[in-house]
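Next comes work_13.cif, with mmCIF, C-alpha atoms and all ligand atoms.
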```
data_protein
loop_
_atom_site.group_PDB
_atom_site.id
_atom_site.type_symbol
_atom_site.label_atom_id
_atom_site.label_comp_id
_atom_site.auth_asym_id
_atom_site.auth_seq_id
_atom_site.Cartn_x
_atom_site.Cartn_y
_atom_site.Cartn_z
ATOM 1 C CA MET Q 30 -205.838 36.640 24.187
ATOM 2 C CA THR Q 31 -206.752 38.576 21.067
ATOM 3 C CA TYR Q 32 -205.682 38.164 17.482
ATOM 4 C CA VAL Q 33 -205.539 40.440 14.518
ATOM 5 C CA ASP Q 34 -205.615 39.094 10.996
ATOM 6 C CA GLY Q 35 -201.936 39.817 10.460
ATOM 7 C CA VAL Q 36 -200.862 37.103 12.905
ATOM 8 C CA TRP Q 37 -202.372 34.590 10.576
ATOM 9 C CA GLY Q 38 -201.759 36.315 7.384
ATOM 10 C CA TRP Q 39 -198.176 36.252 6.209
ATOM 11 C CA CYS Q 40 -197.737 35.010 2.709
ATOM 12 C CA VAL Q 41 -196.339 36.423 -0.498
ATOM 13 C CA VAL Q 42 -199.184 36.358 -2.944
ATOM 14 C CA ARG Q 43 -197.825 38.444 -5.777
ATOM 15 C CA TYR Q 44 -194.593 39.269 -7.528
ATOM 16 C CA ILE Q 45 -194.524 42.578 -9.389
ATOM 17 C CA PRO Q 46 -190.971 43.251 -10.640
ATOM 18 C CA ALA Q 47 -189.560 46.715 -9.943
ATOM 19 C CA ALA Q 48 -188.004 48.728 -12.758
ATOM 20 C CA HIS Q 49 -184.886 49.810 -10.910
ATOM 21 C CA HIS Q 50 -182.076 47.834 -9.310
ATOM 22 C CA SER Q 51 -178.314 47.750 -9.481
ATOM 23 C CA SER Q 52 -175.999 45.150 -10.954
ATOM 24 C CA GLY Q 53 -173.704 43.152 -8.691
ATOM 25 C CA SER Q 54 -174.396 40.735 -5.878
ATOM 26 C CA ASN Q 55 -176.499 41.561 -2.829
ATOM 27 C CA SER Q 56 -174.791 38.732 -0.947
ATOM 28 C CA PRO Q 57 -174.048 38.567 1.946
ATOM 29 C CA VAL Q 58 -177.126 40.269 3.405
ATOM 30 C CA ASN Q 59 -176.028 42.384 6.378
ATOM 31 C CA ARG Q 60 -179.160 44.318 7.228
ATOM 32 C CA VAL Q 61 -182.912 44.464 6.774
ATOM 33 C CA VAL Q 62 -184.057 48.066 6.310
ATOM 34 C CA ILE Q 63 -187.605 49.056 7.309
ATOM 35 C CA HIS Q 64 -189.382 51.791 5.355
ATOM 36 C CA ALA Q 65 -192.742 53.526 5.311
ATOM 37 C CA THR Q 66 -194.205 54.280 1.879
ATOM 38 C CA CYS Q 67 -195.375 57.771 2.916
ATOM 39 C CA PRO Q 68 -198.075 58.348 0.284
ATOM 40 C CA ASP Q 69 -198.986 61.450 2.285
ATOM 41 C CA VAL Q 70 -202.681 60.623 2.564
ATOM 42 C CA GLY Q 71 -202.810 60.219 6.339
ATOM 43 C CA PHE Q 72 -204.096 57.630 8.808
ATOM 44 C CA PRO Q 73 -205.392 54.995 8.185
ATOM 45 C CA SER Q 74 -205.806 55.293 4.413
ATOM 46 C CA ALA Q 75 -202.046 54.995 3.820
ATOM 47 C CA SER Q 76 -202.152 51.389 5.105
ATOM 48 C CA ARG Q 77 -205.343 50.029 3.580
ATOM 49 C CA LYS Q 78 -205.458 46.846 1.516
ATOM 50 C CA GLY Q 79 -204.432 47.561 -2.062
ATOM 51 C CA ARG Q 80 -201.675 50.015 -1.156
ATOM 52 C CA ALA Q 81 -198.987 47.313 -1.449
ATOM 53 C CA VAL Q 82 -200.017 46.533 -5.011
ATOM 54 C CA SER Q 83 -200.237 50.213 -5.946
ATOM 55 C CA THR Q 84 -196.776 50.866 -4.445
ATOM 56 C CA ALA Q 85 -195.396 47.843 -6.335
ATOM 57 C CA ASN Q 86 -197.000 49.129 -9.536
ATOM 58 C CA TYR Q 87 -195.302 52.466 -8.919
ATOM 59 C CA PHE Q 88 -191.930 50.703 -8.437
ATOM 60 C CA ALA Q 89 -192.589 48.835 -11.690
ATOM 61 C CA SER Q 90 -192.717 52.063 -13.679
ATOM 62 C CA PRO Q 91 -189.431 53.369 -15.146
ATOM 63 C CA SER Q 92 -190.240 56.859 -13.832
ATOM 64 C CA ALA Q 93 -190.142 55.588 -10.211
ATOM 65 C CA GLY Q 94 -187.311 56.938 -8.118
ATOM 66 C CA GLY Q 95 -186.699 53.752 -6.170
ATOM 67 C CA SER Q 96 -187.560 50.158 -5.412
ATOM 68 C CA ALA Q 97 -187.711 47.706 -2.509
ATOM 69 C CA HIS Q 98 -187.672 43.943 -2.117
ATOM 70 C CA TYR Q 99 -191.059 43.698 -0.382
ATOM 71 C CA VAL Q 100 -194.104 45.888 0.262
ATOM 72 C CA CYS Q 101 -196.644 45.077 3.007
ATOM 73 C CA ASP Q 102 -200.103 46.500 3.603
ATOM 74 C CA VAL Q 103 -202.711 45.229 6.065
ATOM 75 C CA GLY Q 104 -203.873 42.496 3.719
ATOM 76 C CA GLU Q 105 -201.004 41.513 1.488
ATOM 77 C CA THR Q 106 -197.257 41.282 0.913
ATOM 78 C CA VAL Q 107 -195.934 41.930 -2.592
ATOM 79 C CA GLN Q 108 -192.411 41.044 -3.683
ATOM 80 C CA CYS Q 109 -190.781 43.472 -6.135
ATOM 81 C CA LEU Q 110 -187.148 42.291 -6.317
ATOM 82 C CA SER Q 111 -185.301 39.029 -5.847
ATOM 83 C CA GLU Q 112 -183.432 39.002 -2.531
ATOM 84 C CA SER Q 113 -180.199 38.474 -4.440
ATOM 85 C CA THR Q 114 -180.743 41.757 -6.324
ATOM 86 C CA ILE Q 115 -179.499 45.134 -5.092
ATOM 87 C CA GLY Q 116 -182.517 47.441 -4.663
ATOM 88 C CA TRP Q 117 -182.794 51.221 -4.692
ATOM 89 C CA HIS Q 118 -184.228 51.809 -1.228
ATOM 90 C CA ALA Q 119 -181.664 53.158 1.258
ATOM 91 C CA PRO Q 120 -178.201 53.877 -0.127
ATOM 92 C CA PRO Q 121 -175.639 52.413 0.305
ATOM 93 C CA ASN Q 122 -177.919 49.603 -0.945
ATOM 94 C CA PRO Q 123 -175.660 46.557 -1.468
ATOM 95 C CA HIS Q 124 -175.988 43.799 1.140
ATOM 96 C CA SER Q 125 -179.342 45.066 2.407
ATOM 97 C CA LEU Q 126 -182.988 44.045 1.959
ATOM 98 C CA GLY Q 127 -185.720 46.700 1.974
ATOM 99 C CA ILE Q 128 -189.241 46.142 3.365
ATOM 100 C CA GLU Q 129 -191.760 48.920 2.740
ATOM 101 C CA ILE Q 130 -194.682 49.165 5.172
ATOM 102 C CA CYS Q 131 -197.661 50.971 3.664
ATOM 103 C CA ALA Q 132 -197.983 53.862 6.110
ATOM 104 C CA ASP Q 133 -197.380 57.578 6.488
ATOM 105 C CA GLY Q 134 -194.354 57.380 8.733
ATOM 106 C CA GLY Q 135 -191.812 60.079 7.905
ATOM 107 C CA SER Q 136 -191.587 63.322 9.786
ATOM 108 C CA HIS Q 137 -190.026 65.870 7.453
ATOM 109 C CA ALA Q 138 -188.196 64.888 4.270
ATOM 110 C CA SER Q 139 -190.810 62.529 2.897
ATOM 111 C CA PHE Q 140 -193.720 64.711 3.969
ATOM 112 C CA ARG Q 141 -195.549 67.804 2.942
ATOM 113 C CA VAL Q 142 -197.995 67.598 5.852
ATOM 114 C CA PRO Q 143 -196.128 66.919 9.141
ATOM 115 C CA GLY Q 144 -199.399 65.913 10.860
ATOM 116 C CA HIS Q 145 -199.579 62.916 8.532
ATOM 117 C CA ALA Q 146 -196.735 61.110 10.312
ATOM 118 C CA TYR Q 147 -198.361 58.226 12.205
ATOM 119 C CA THR Q 148 -198.282 58.488 15.980
ATOM 120 C CA ARG Q 149 -197.377 55.420 18.062
ATOM 121 C CA GLU Q 150 -201.074 54.930 18.757
ATOM 122 C CA GLN Q 151 -201.848 54.976 15.027
ATOM 123 C CA TRP Q 152 -199.056 52.498 14.235
ATOM 124 C CA LEU Q 153 -200.580 50.130 16.824
ATOM 125 C CA ASP Q 154 -204.143 50.644 15.584
ATOM 126 C CA PRO Q 155 -205.860 47.502 14.210
ATOM 127 C CA ARG Q 156 -206.185 49.289 10.855
ATOM 128 C CA VAL Q 157 -202.365 49.580 10.595
ATOM 129 C CA TRP Q 158 -200.743 47.024 12.897
ATOM 130 C CA PRO Q 159 -201.408 43.980 10.639
ATOM 131 C CA ALA Q 160 -199.138 45.597 8.022
ATOM 132 C CA VAL Q 161 -196.411 46.172 10.631
ATOM 133 C CA GLU Q 162 -196.751 42.630 11.924
ATOM 134 C CA ARG Q 163 -196.653 41.201 8.415
ATOM 135 C CA ALA Q 164 -193.406 43.112 7.824
ATOM 136 C CA ALA Q 165 -191.981 41.952 11.178
ATOM 137 C CA ILE Q 166 -192.718 38.267 10.499
ATOM 138 C CA LEU Q 167 -191.158 38.640 7.037
ATOM 139 C CA CYS Q 168 -188.163 40.390 8.646
ATOM 140 C CA ARG Q 169 -187.826 37.473 11.085
ATOM 141 C CA GLN Q 170 -187.838 34.987 8.227
ATOM 142 C CA LEU Q 171 -185.251 36.983 6.276
ATOM 143 C CA CYS Q 172 -183.023 37.238 9.381
ATOM 144 C CA ASP Q 173 -183.284 33.463 9.824
ATOM 145 C CA LYS Q 174 -182.558 32.829 6.164
ATOM 146 C CA TYR Q 175 -179.477 35.080 5.979
ATOM 147 C CA ASN Q 176 -178.281 34.650 9.550
ATOM 148 C CA VAL Q 177 -178.780 38.363 10.289
ATOM 149 C CA PRO Q 178 -178.877 39.106 14.057
ATOM 150 C CA LYS Q 179 -182.415 40.033 15.194
ATOM 151 C CA ARG Q 180 -181.400 43.297 16.826
ATOM 152 C CA LYS Q 181 -182.252 46.951 16.165
ATOM 153 C CA LEU Q 182 -179.157 48.785 14.978
ATOM 154 C CA SER Q 183 -178.339 52.357 15.978
ATOM 155 C CA VAL Q 184 -176.597 54.828 13.666
ATOM 156 C CA ALA Q 185 -173.359 54.095 15.554
ATOM 157 C CA ASP Q 186 -173.899 50.336 15.071
ATOM 158 C CA LEU Q 187 -174.338 50.856 11.319
ATOM 159 C CA LYS Q 188 -171.174 52.921 11.079
ATOM 160 C CA ALA Q 189 -169.336 50.227 13.042
ATOM 161 C CA GLY Q 190 -170.403 47.687 10.391
ATOM 162 C CA LYS Q 191 -172.741 45.701 12.648
ATOM 163 C CA ARG Q 192 -175.394 43.453 11.080
ATOM 164 C CA GLY Q 193 -179.078 43.614 12.045
ATOM 165 C CA VAL Q 194 -182.349 45.500 11.502
ATOM 166 C CA CYS Q 195 -182.742 49.278 11.126
ATOM 167 C CA GLY Q 196 -184.890 52.032 9.624
ATOM 168 C CA HIS Q 197 -184.220 54.030 6.467
ATOM 169 C CA THR Q 198 -183.688 57.032 8.743
ATOM 170 C CA ASP Q 199 -180.774 55.239 10.474
ATOM 171 C CA VAL Q 200 -179.094 54.542 7.116
ATOM 172 C CA THR Q 201 -179.627 58.187 6.149
ATOM 173 C CA ASP Q 202 -178.046 59.420 9.382
ATOM 174 C CA ALA Q 203 -175.133 56.983 9.096
ATOM 175 C CA TRP Q 204 -174.073 57.795 5.512
ATOM 176 C CA HIS Q 205 -176.117 60.822 4.330
ATOM 177 C CA GLN Q 206 -176.637 59.329 0.865
ATOM 178 C CA SER Q 207 -180.406 59.982 0.996
ATOM 179 C CA ASP Q 208 -182.597 62.364 2.993
ATOM 180 C CA HIS Q 209 -185.508 60.087 3.940
ATOM 181 C CA ASP Q 210 -186.452 59.709 7.581
ATOM 182 C CA ASP Q 211 -188.981 56.890 7.384
ATOM 183 C CA PRO Q 212 -190.442 54.969 9.194
ATOM 184 C CA GLY Q 213 -190.532 58.106 11.334
ATOM 185 C CA PRO Q 214 -190.052 59.089 14.954
ATOM 186 C CA TRP Q 215 -193.045 57.230 16.405
ATOM 187 C CA PHE Q 216 -192.558 53.842 14.753
ATOM 188 C CA PRO Q 217 -193.082 51.210 17.524
ATOM 189 C CA TRP Q 218 -189.651 49.575 17.281
ATOM 190 C CA ASP Q 219 -190.139 47.780 20.629
ATOM 191 C CA ARG Q 220 -193.255 45.980 19.395
ATOM 192 C CA PHE Q 221 -191.785 45.404 15.931
ATOM 193 C CA MET Q 222 -188.597 43.810 17.275
ATOM 194 C CA ALA Q 223 -190.633 41.699 19.729
ATOM 195 C CA VAL Q 224 -192.362 40.115 16.731
ATOM 196 C CA VAL Q 225 -189.056 39.806 14.833
ATOM 197 C CA ASN Q 226 -187.766 37.891 17.867
ATOM 198 C CA GLY Q 227 -190.654 35.445 17.782
ATOM 199 C CA GLY Q 228 -193.303 37.130 19.941
ATOM 200 C CA SER Q 229 -196.893 37.614 18.890
ATOM 201 C CA GLY Q 230 -196.673 41.365 19.397
ATOM 202 C CA GLU Q 231 -199.411 41.006 22.002
ATOM 203 C CA SER Q 232 -198.674 41.770 25.624
ATOM 204 C CA GLU Q 233 -200.342 38.553 26.862
ATOM 205 C CA GLU Q 234 -198.402 35.319 26.531
ATOM 206 C CA LEU Q 235 -199.967 32.184 25.074
ATOM 207 C CA THR Q 236 -200.536 29.319 27.487
ATOM 208 C CA VAL Q 237 -199.878 25.691 26.529
ATOM 209 C CA ALA Q 238 -203.656 25.126 26.546
ATOM 210 C CA ASP Q 239 -204.172 28.083 24.179
ATOM 211 C CA VAL Q 240 -201.613 26.692 21.767
ATOM 212 C CA LYS Q 241 -203.088 23.207 21.851
ATOM 213 C CA ALA Q 242 -206.640 24.461 21.348
ATOM 214 C CA LEU Q 243 -205.593 26.670 18.458
ATOM 215 C CA HIS Q 244 -203.489 23.955 16.899
ATOM 216 C CA ASP Q 245 -206.419 21.509 16.968
ATOM 217 C CA GLN Q 246 -208.816 24.119 15.646
ATOM 218 C CA ILE Q 247 -206.451 25.044 12.829
ATOM 219 C CA LYS Q 248 -205.816 21.424 11.878
ATOM 220 C CA GLN Q 249 -209.541 20.883 11.596
ATOM 221 C CA LEU Q 250 -210.131 24.109 9.681
ATOM 222 C CA SER Q 251 -207.221 23.441 7.380
ATOM 223 C CA ALA Q 252 -208.658 20.048 6.389
ATOM 224 C CA GLN Q 253 -212.067 21.606 5.748
ATOM 225 C CA LEU Q 254 -210.538 24.378 3.693
ATOM 226 C CA THR Q 255 -208.484 21.996 1.585
ATOM 227 C CA GLY Q 256 -211.704 20.191 0.704
ATOM 228 C CA SER Q 257 -213.644 23.346 -0.081
ATOM 229 C CA VAL Q 258 -210.804 24.911 -2.089
ATOM 230 C CA ASN Q 259 -210.405 21.758 -4.186
ATOM 231 C CA LYS Q 260 -214.121 21.716 -4.850
ATOM 232 C CA LEU Q 261 -214.076 25.437 -5.605
ATOM 233 C CA HIS Q 262 -211.223 25.045 -8.086
ATOM 234 C CA HIS Q 263 -213.160 22.314 -9.821
ATOM 235 C CA ASP Q 264 -216.338 24.427 -9.898
ATOM 236 C CA VAL Q 265 -214.488 27.517 -11.065
ATOM 237 C CA GLY Q 266 -212.786 25.489 -13.784
ATOM 238 C CA VAL Q 267 -216.137 24.220 -15.033
ATOM 239 C CA VAL Q 268 -217.740 27.663 -14.845
ATOM 240 C CA GLN Q 269 -214.780 29.350 -16.515
ATOM 241 C CA LEU Q 270 -215.139 27.011 -19.453
ATOM 242 C CA GLN Q 271 -218.637 28.383 -19.879
ATOM 243 C CA ASN Q 272 -218.057 31.988 -18.868
ATOM 244 C CA GLY Q 273 -214.847 33.554 -17.494
ATOM 245 C CA ASP Q 274 -216.748 36.298 -15.717
ATOM 246 C CA LEU Q 275 -218.910 33.818 -13.824
ATOM 247 C CA GLY Q 276 -215.722 32.129 -12.604
ATOM 248 C CA LYS Q 277 -214.592 35.415 -11.084
ATOM 249 C CA ARG Q 278 -217.948 35.878 -9.400
ATOM 250 C CA VAL Q 279 -217.837 32.393 -7.872
ATOM 251 C CA ASP Q 280 -214.324 33.165 -6.601
ATOM 252 C CA ALA Q 281 -215.496 36.456 -5.068
ATOM 253 C CA LEU Q 282 -218.305 34.664 -3.282
ATOM 254 C CA SER Q 283 -216.039 32.074 -1.632
ATOM 255 C CA TRP Q 284 -215.499 33.357 1.852
ATOM 256 C CA VAL Q 285 -214.797 31.611 5.135
ATOM 257 C CA LYS Q 286 -215.105 32.846 8.678
ATOM 258 C CA ASN Q 287 -211.955 33.398 10.758
ATOM 259 C CA PRO Q 288 -212.733 31.277 13.872
ATOM 260 C CA VAL Q 289 -210.959 33.706 16.190
ATOM 261 C CA THR Q 290 -211.984 37.153 14.952
ATOM 262 C CA GLY Q 291 -215.229 36.132 13.249
ATOM 263 C CA LYS Q 292 -214.241 38.222 10.217
ATOM 264 C CA LEU Q 293 -214.752 36.958 6.683
ATOM 265 C CA TRP Q 294 -211.809 35.909 4.546
ATOM 266 C CA ARG Q 295 -211.273 34.745 1.009
ATOM 267 C CA THR Q 296 -210.895 30.982 1.184
ATOM 268 C CA LYS Q 297 -207.529 30.806 -0.533
ATOM 269 C CA ASP Q 298 -206.050 33.613 1.596
ATOM 270 C CA ALA Q 299 -207.333 31.897 4.724
ATOM 271 C CA LEU Q 300 -205.790 28.585 3.694
ATOM 272 C CA TRP Q 301 -202.368 30.139 3.184
ATOM 273 C CA SER Q 302 -202.689 32.106 6.420
ATOM 274 C CA VAL Q 303 -203.662 29.041 8.379
ATOM 275 C CA TRP Q 304 -200.704 27.136 6.959
ATOM 276 C CA TYR Q 305 -198.271 29.822 8.078
ATOM 277 C CA TYR Q 306 -199.975 30.012 11.426
ATOM 278 C CA VAL Q 307 -199.686 26.246 11.868
ATOM 279 C CA LEU Q 308 -195.927 26.591 11.281
ATOM 280 C CA GLU Q 309 -195.857 29.433 13.806
ATOM 281 C CA CYS Q 310 -197.793 27.327 16.371
ATOM 282 C CA ARG Q 311 -195.442 24.417 15.848
ATOM 283 C CA SER Q 312 -192.420 26.548 16.611
ATOM 284 C CA ARG Q 313 -194.211 27.970 19.671
ATOM 285 C CA ILE Q 314 -194.996 24.451 20.893
ATOM 286 C CA ASP Q 315 -191.369 23.419 20.340
ATOM 287 C CA ARG Q 316 -190.203 26.408 22.361
ATOM 288 C CA LEU Q 317 -192.710 25.705 25.136
ATOM 289 C CA GLU Q 318 -191.677 22.044 25.213
ATOM 290 C CA SER Q 319 -188.013 22.866 25.504
ATOM 291 C CA ALA Q 320 -188.850 25.388 28.246
ATOM 292 C CA VAL Q 321 -190.827 22.676 30.083
ATOM 293 C CA ASN Q 322 -187.948 20.202 29.630
ATOM 294 C CA GLY Q 323 -185.577 22.849 30.965
ATOM 295 C CA LEU Q 324 -187.755 23.253 34.060
ATOM 296 C CA LYS Q 325 -187.860 19.456 34.594
ATOM 297 C CA LYS Q 326 -184.058 19.417 34.769
HETATM 298 ZN ZN ZN Z 401 -187.483 54.685 2.866
#
```

Exercise: express the given structure as structure tokens:
Amino acid sequence: MTYVDGVWGWCVVRYIPAAHHSSGSNSPVNRVVIHATCPDVGFPSASRKGRAVSTANYFASPSAGGSAHYVCDVGETVQCLSESTIGWHAPPNPHSLGIEICADGGSHASFRVPGHAYTREQWLDPRVWPAVERAAILCRQLCDKYNVPKRKLSVADLKAGKRGVCGHTDVTDAWHQSDHDDPGPWFPWDRFMAVVNGGSGESEELTVADVKALHDQIKQLSAQLTGSVNKLHHDVGVVQLQNGDLGKRVDALSWVKNPVTGKLWRTKDALWSVWYYVLECRSRIDRLESAVNGLKK
């Protein structure tokens, strides 16, 4: 069983409002549209941490040509529009939510260099996949919230008015109101939809023992982190009174070790990630329990 940071890491940490949206109601939500930002810088730079904020900053400028509800890179999710607002991401826009994945994913219209379109292997690379997984978990939560079926829609499905999940390219091919073809021909829809439907995106399944061990470990870590974050906030508050810059330095020094990957994390990011992962583990345990109960019958 292996984990990448993205499994732990879904949380919205910033809201940077986009400049462009349309008036009217976005309700009911009928589809979640997946995009790639296509900065045309190639693999893996297009997905690195910081790209979500820079894309959101671009959307915030009046000269931007579009907007989206969320942007995900490997380290962060940024919200740019309220879900009740009609974005400018894949016309016809009403009744849809747009998630941008920071990646070079188009094949022609959004590209000057065709070789920059991520291959399947690149999409699944540990330097990119956490962004995809972050988007998929967000997509799952949006589907749950708005009762959108967790299925990948074809162009024919879209034209038939079916509700579900699709790519910008599918919307383009259904209505020809834009020419973008992101997230591109090699986007791993099978793996993405597996996560949307509650899987980990890994090929190995979790055992009950794995879940219990992780749950216990997380509970313990979460308690430790709460203590250290409270102390840190106190310390930072005291230091900031004396010198704002010192406060920032203390914050930058506060790292914790991810018990699974061994990588270092900012304490507050880790705390949020662990919380979301605890929720995820709980729902896994519930599912396993009901499967066990089903077997008993
Ligand atoms: Zn797009």

Q.
Suppose a student applies the PyMOL selection byres (((chain Q and resi 223) around 12) and not hetatm) to this structure; what residues should they get, written as a PyMOL selection string?
A. chain Q and resi 161-162+165-166+168-169+179-181+217-222+224-232

Could the residues of chain Q that have an atom at most 6 Å from ligand ZN 401 (chain Z) be listed as a tab-separated table, each with its closest atom pair and the distance in Å to one decimal, counting only C-alpha atoms and all ligand atoms and ordered by chain and ascending residue number?
```
residue	atom	partner	partner_atom	distance
Q:His64	CA	Z:ZN401	ZN	4.3
Q:Ala65	CA	Z:ZN401	ZN	5.9
Q:His118	CA	Z:ZN401	ZN	6.0
Q:His197	CA	Z:ZN401	ZN	4.9
Q:His209	CA	Z:ZN401	ZN	5.9
Q:Asp211	CA	Z:ZN401	ZN	5.2
```

Q.
Ranking Q:His124, Q:His137, Q:Arg311, Q:His50 by minimum distance to Val177 (chain Q) and counting all atoms listed in the file, which one comes first?
A. Q:His124

Q.
Considering only C-alpha atoms, can you say which of Q:Val103, Q:Cys172, Q:Leu126, Q:Val184 comes closest to Arg156 (chain Q)?
A.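 Answer, going by the shortest atom-to-atom distance: Q:Val103.
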
Q: Can you work out the spacing between CA of Pro120 (chain Q) and CA of Gly95 (chain Q) in Å, to one decimal?
A: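 Computing the Euclidean distance for CA of Pro120 (chain Q) and CA of Gly95 (chain Q) yields 10.4 Å.
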
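CA of Leu153 (chain Q) is found 21.1 Å from CA of Asn287 (chain Q).
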
Q: For the structure provided, state which residues fall under the PyMOL selection byres (((chain Q and resi 288) around 10) and not hetatm), and present them as a list in words.
A: Leu243, Gln246, Ile247, Leu250, Val285, Lys286, Asn287, Val289, Thr290, Gly291, Lys292 and Leu293 of chain Q

Q | Between CA of Gly104 (chain Q) and CA of Thr201 (chain Q), distance in Å (one decimal) | A |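 A separation of 29.0 Å between them.
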
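Take the candidates Q:Asp245, Q:Glu112, Q:Asp264, Q:Asp315 and check each one against Val303 (chain Q) using all atoms listed in the file; the shortest distance goes to Q:Asp245.
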
Q. Expanded to explicit residues, what is the PyMOL selection byres (((chain Q and resi 57) around 12) and not hetatm) for this file, as a list in words?
A.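 That expression, the PyMOL selection byres (((chain Q and resi 57) around 12) and not hetatm), corresponds here to Gly53, Ser54, Asn55, Ser56, Val58, Asn59, Arg60, Val61, Glu112, Ser113, Thr114, Ile115, Pro123, His124, Ser125, Leu126, Cys172, Lys174, Tyr175, Asn176, Val177 and Arg192 of chain Q.
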
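With only C-alpha atoms taken into account, the protein and nucleic acid residues at most 9 Å from Ile45 (chain Q) (excluding it and anything under 2 positions from it in its own chain) are Arg43, Ala47, Val82, Ala85, Asn86, Phe88, Ala89, Val107, Gln108, Cys109 and Leu110 of chain Q.
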
Q.
When you look at Gly94 (chain Q) with a cut-off of 12 Å (counting only C-alpha atoms), what residues show up, excluding the ones that are within fewer than 2 positions of it in the same chain? I need them as a PyMOL selection string.
A. chain Q and resi 47-50+84+87-92+96-97+116-119+207

Go ahead and write the selection's residues with C-alpha atoms as a PDB file, in the coordinates of the input.
```
ATOM      1  CA  ALA Q  47    -189.560  46.715  -9.943  1.00  0.00           C
ATOM      2  CA  ALA Q  48    -188.004  48.728 -12.758  1.00  0.00           C
ATOM      3  CA  HIS Q  49    -184.886  49.810 -10.910  1.00  0.00           C
ATOM      4  CA  HIS Q  50    -182.076  47.834  -9.310  1.00  0.00           C
ATOM      5  CA  THR Q  84    -196.776  50.866  -4.445  1.00  0.00           C
ATOM      6  CA  TYR Q  87    -195.302  52.466  -8.919  1.00  0.00           C
ATOM      7  CA  PHE Q  88    -191.930  50.703  -8.437  1.00  0.00           C
ATOM      8  CA  ALA Q  89    -192.589  48.835 -11.690  1.00  0.00           C
ATOM      9  CA  SER Q  90    -192.717  52.063 -13.679  1.00  0.00           C
ATOM     10  CA  PRO Q  91    -189.431  53.369 -15.146  1.00  0.00           C
ATOM     11  CA  SER Q  92    -190.240  56.859 -13.832  1.00  0.00           C
ATOM     12  CA  SER Q  96    -187.560  50.158  -5.412  1.00  0.00           C
ATOM     13  CA  ALA Q  97    -187.711  47.706  -2.509  1.00  0.00           C
ATOM     14  CA  GLY Q 116    -182.517  47.441  -4.663  1.00  0.00           C
ATOM     15  CA  TRP Q 117    -182.794  51.221  -4.692  1.00  0.00           C
ATOM     16  CA  HIS Q 118    -184.228  51.809  -1.228  1.00  0.00           C
ATOM     17  CA  ALA Q 119    -181.664  53.158   1.258  1.00  0.00           C
ATOM     18  CA  SER Q 207    -180.406  59.982   0.996  1.00  0.00           C
TER      19      SER Q 207
END
```

**Q.** Selection: 10 Å around Val200 (chain Q), all atoms listed in the file, excl. self and same-chain fewer than 5 positions, as a VMD selection string
**A.** chain Q and resid 62 119 to 122 182 to 184 187 to 188 195 205 to 210

Q: Find the residue from Q:Gly323, Q:Ala252, Q:Ala93, Q:Trp215 that sits nearest to Glu150 (chain Q); use all atoms listed in the file when measuring.
A: Q:Trp215

Q. Nearest to Val100 (chain Q): which of Q:Ala75, Q:Arg313, Q:Gln170, Q:Ile130 is it, counting all atoms listed in the file?
A.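 Of all the options, Q:Ile130 lies closest to Val100 (chain Q).
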
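Surrounding residues of (-201.5, 27.9, 7.0) at most 10 Å away are Trp37, Gly38, Trp39, Cys40, Ile247, Lys248, Leu250, Ser251, Asp298, Ala299, Leu300, Trp301, Ser302, Val303, Trp304, Tyr305, Tyr306, Val307, Leu308 and Glu309 of chain Q (based on all atoms listed in the file).
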